[in-house]
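Heads up, the thing below is written out as structure tokens.
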Amino acid sequence: MRHSYFGKKLGRDTNARKALLNNLAASLLEKGQIVTTLAKAKFARPYVEKLITQSKRANDLRGRRILASNLTNQAFTKLNTTISSGFAKRQGGYTRIIRLNQRSGDAALMARLELLPLEKKAQEQKEPVSSKKVEKLTAKKN
């Protein structure tokens, strides 16, 4: 029986498991989607979502250092520049898991872990109103 066991081990020791988790997260943040086994996708999903939430709140040096210690340089910069601002209004649920066919070699269940589409700030922001337009609007009202 599996009483009093917490978490997945994925057949690895602690250091290898942490390295796998950091590499999966970095690849997902850099590329936007990864294809991996279903167990690894379910294992990496909460970790990636916590990283994104932390990057949204990481305005101080300590928060940025924690993120930088777990990610590669490319993933860290992309997370802080585009991803965190793209999910600014979302409260959670930044990723989705889509099940795929079994792998032909060992029949492992495969899945695609991907980030949800980012909100586009360009569409949200209206173009600035020029002074000529303001004059026309005020002239019509008077």
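Residue names in the structure tokens use chain letters A, B, ... in the order shown, residue numbers from 1 in each chain, and ligand numbers from 1 in the order shown.
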Subject >> Exercise: Tyr94 of chain A partners within 9 Å, only C-alpha atoms, chain neighbours under 5 positions left out, as an MDAnalysis selection string >> reply: chainID A and resid 48:49 52 87 114:117
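Comparing the minimum interatomic distances between Lys18 of chain A and each of A:Ile34, A:Leu61, A:Leu79, A:Leu71, counting only C-alpha atoms, we find that A:Leu71 sits nearest.
Distance annotation: of A:Lys78, A:Arg62, A:Lys8, A:Lys40, the residue with the minimal separation from Met110 of chain A is A:Lys40; atom set is only C-alpha atoms.
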Original post:
Could you write out, as an NGL selection string, all the residues of chain A that DSSP marks as helix (DSSP H, G or I)?
Top reply: :A and (14-31 or 38-57 or 61-70 or 73-86 or 121-124 or 131-141)
Original post:
segment 74-77 of chain A: which residues within 8 Å, counting only C-alpha atoms, same-chain residues fewer than 2 positions away excluded, as an NGL selection string?
Top reply: :A and (26-27 or 29-30 or 67-68 or 71-72 or 79-81)
Filtering to N, CA, C and O atoms, could you give me those residues as a short mmCIF file (atom, residue, chain, number, x, y, z; two decimals), in the first residue's frame?
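Once written, again_20.cif looks like this:
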data_model
loop_
_atom_site.label_atom_id
_atom_site.label_comp_id
_atom_site.auth_asym_id
_atom_site.auth_seq_id
_atom_site.Cartn_x
_atom_site.Cartn_y
_atom_site.Cartn_z
N ALA A 26 12.46 25.42 -17.62
CA ALA A 26 13.20 26.32 -18.50
C ALA A 26 12.82 26.10 -19.96
O ALA A 26 12.61 27.06 -20.71
N SER A 27 12.70 24.85 -20.39
CA SER A 27 12.31 24.56 -21.77
C SER A 27 10.91 25.06 -22.08
O SER A 27 10.66 25.61 -23.15
N LEU A 29 9.29 27.54 -20.59
CA LEU A 29 9.25 29.01 -20.61
C LEU A 29 9.93 29.57 -21.86
O LEU A 29 9.51 30.60 -22.38
N GLU A 30 10.98 28.91 -22.34
CA GLU A 30 11.67 29.38 -23.54
C GLU A 30 10.85 29.13 -24.79
O GLU A 30 10.72 30.01 -25.64
N LEU A 67 14.38 33.20 -8.65
CA LEU A 67 14.01 32.75 -9.99
C LEU A 67 15.24 32.44 -10.83
O LEU A 67 15.28 31.46 -11.56
N ALA A 68 16.25 33.30 -10.75
CA ALA A 68 17.45 33.11 -11.56
C ALA A 68 18.23 31.88 -11.15
O ALA A 68 18.91 31.27 -11.97
N LEU A 71 16.45 28.84 -13.06
CA LEU A 71 16.22 28.86 -14.51
C LEU A 71 17.47 29.24 -15.27
O LEU A 71 18.41 29.81 -14.71
N THR A 72 17.45 28.96 -16.57
CA THR A 72 18.53 29.41 -17.43
C THR A 72 18.35 30.90 -17.71
O THR A 72 17.29 31.48 -17.43
N LEU A 79 10.72 35.04 -19.00
CA LEU A 79 9.72 35.02 -17.94
C LEU A 79 9.48 36.41 -17.39
O LEU A 79 8.33 36.82 -17.19
N ASN A 80 10.53 37.17 -17.17
CA ASN A 80 10.37 38.50 -16.58
C ASN A 80 9.91 39.55 -17.57
O ASN A 80 9.26 40.52 -17.18
N THR A 81 10.24 39.39 -18.85
CA THR A 81 9.87 40.43 -19.82
C THR A 81 8.48 40.21 -20.41
O THR A 81 7.66 41.12 -20.40
#
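Closest approach to Ser85 of chain A among A:Met1, A:Ala108, A:Leu113, A:Ala58 is made by A:Ala58 (distances from only C-alpha atoms).
Compared by their closest atoms to Tyr47 of chain A, and using only C-alpha atoms, the residues A:Tyr5, A:Ile97, A:Gly92, A:Leu21 rank with A:Leu21 nearest.
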Subject >> Selected residue, from A:Ile83, A:Gln54, A:Asp106, A:Arg2, that lies nearest to Lys31 of chain A when counting only C-alpha atoms >> reply: A:Ile83
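Atom to atom, atom CA of Lys56 of chain A and atom CA of Ala88 of chain A stand 6.9 Å apart.
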**OP:** Step one, run DSSP on the backbone; step two, keep only residues of segment 22-93 of chain A assigned to strand (DSSP E or B); then write them as a PyMOL selection string.
**Re:** chain A and resi 33-37
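Interatomic distance, atom CA of Leu118 of chain A to atom CA of Leu20 of chain A: 25.5 Å.
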Original post:
atom CA of Ala39 of chain A and atom CA of Asn101 of chain A are how many Å apart?
Top reply: 13.9 Å
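Between Ala111 of chain A and the candidates A:Arg57, A:Arg64, A:Lys50, A:Lys42, the tightest atom-to-atom separation, counting only C-alpha atoms, involves A:Lys42.
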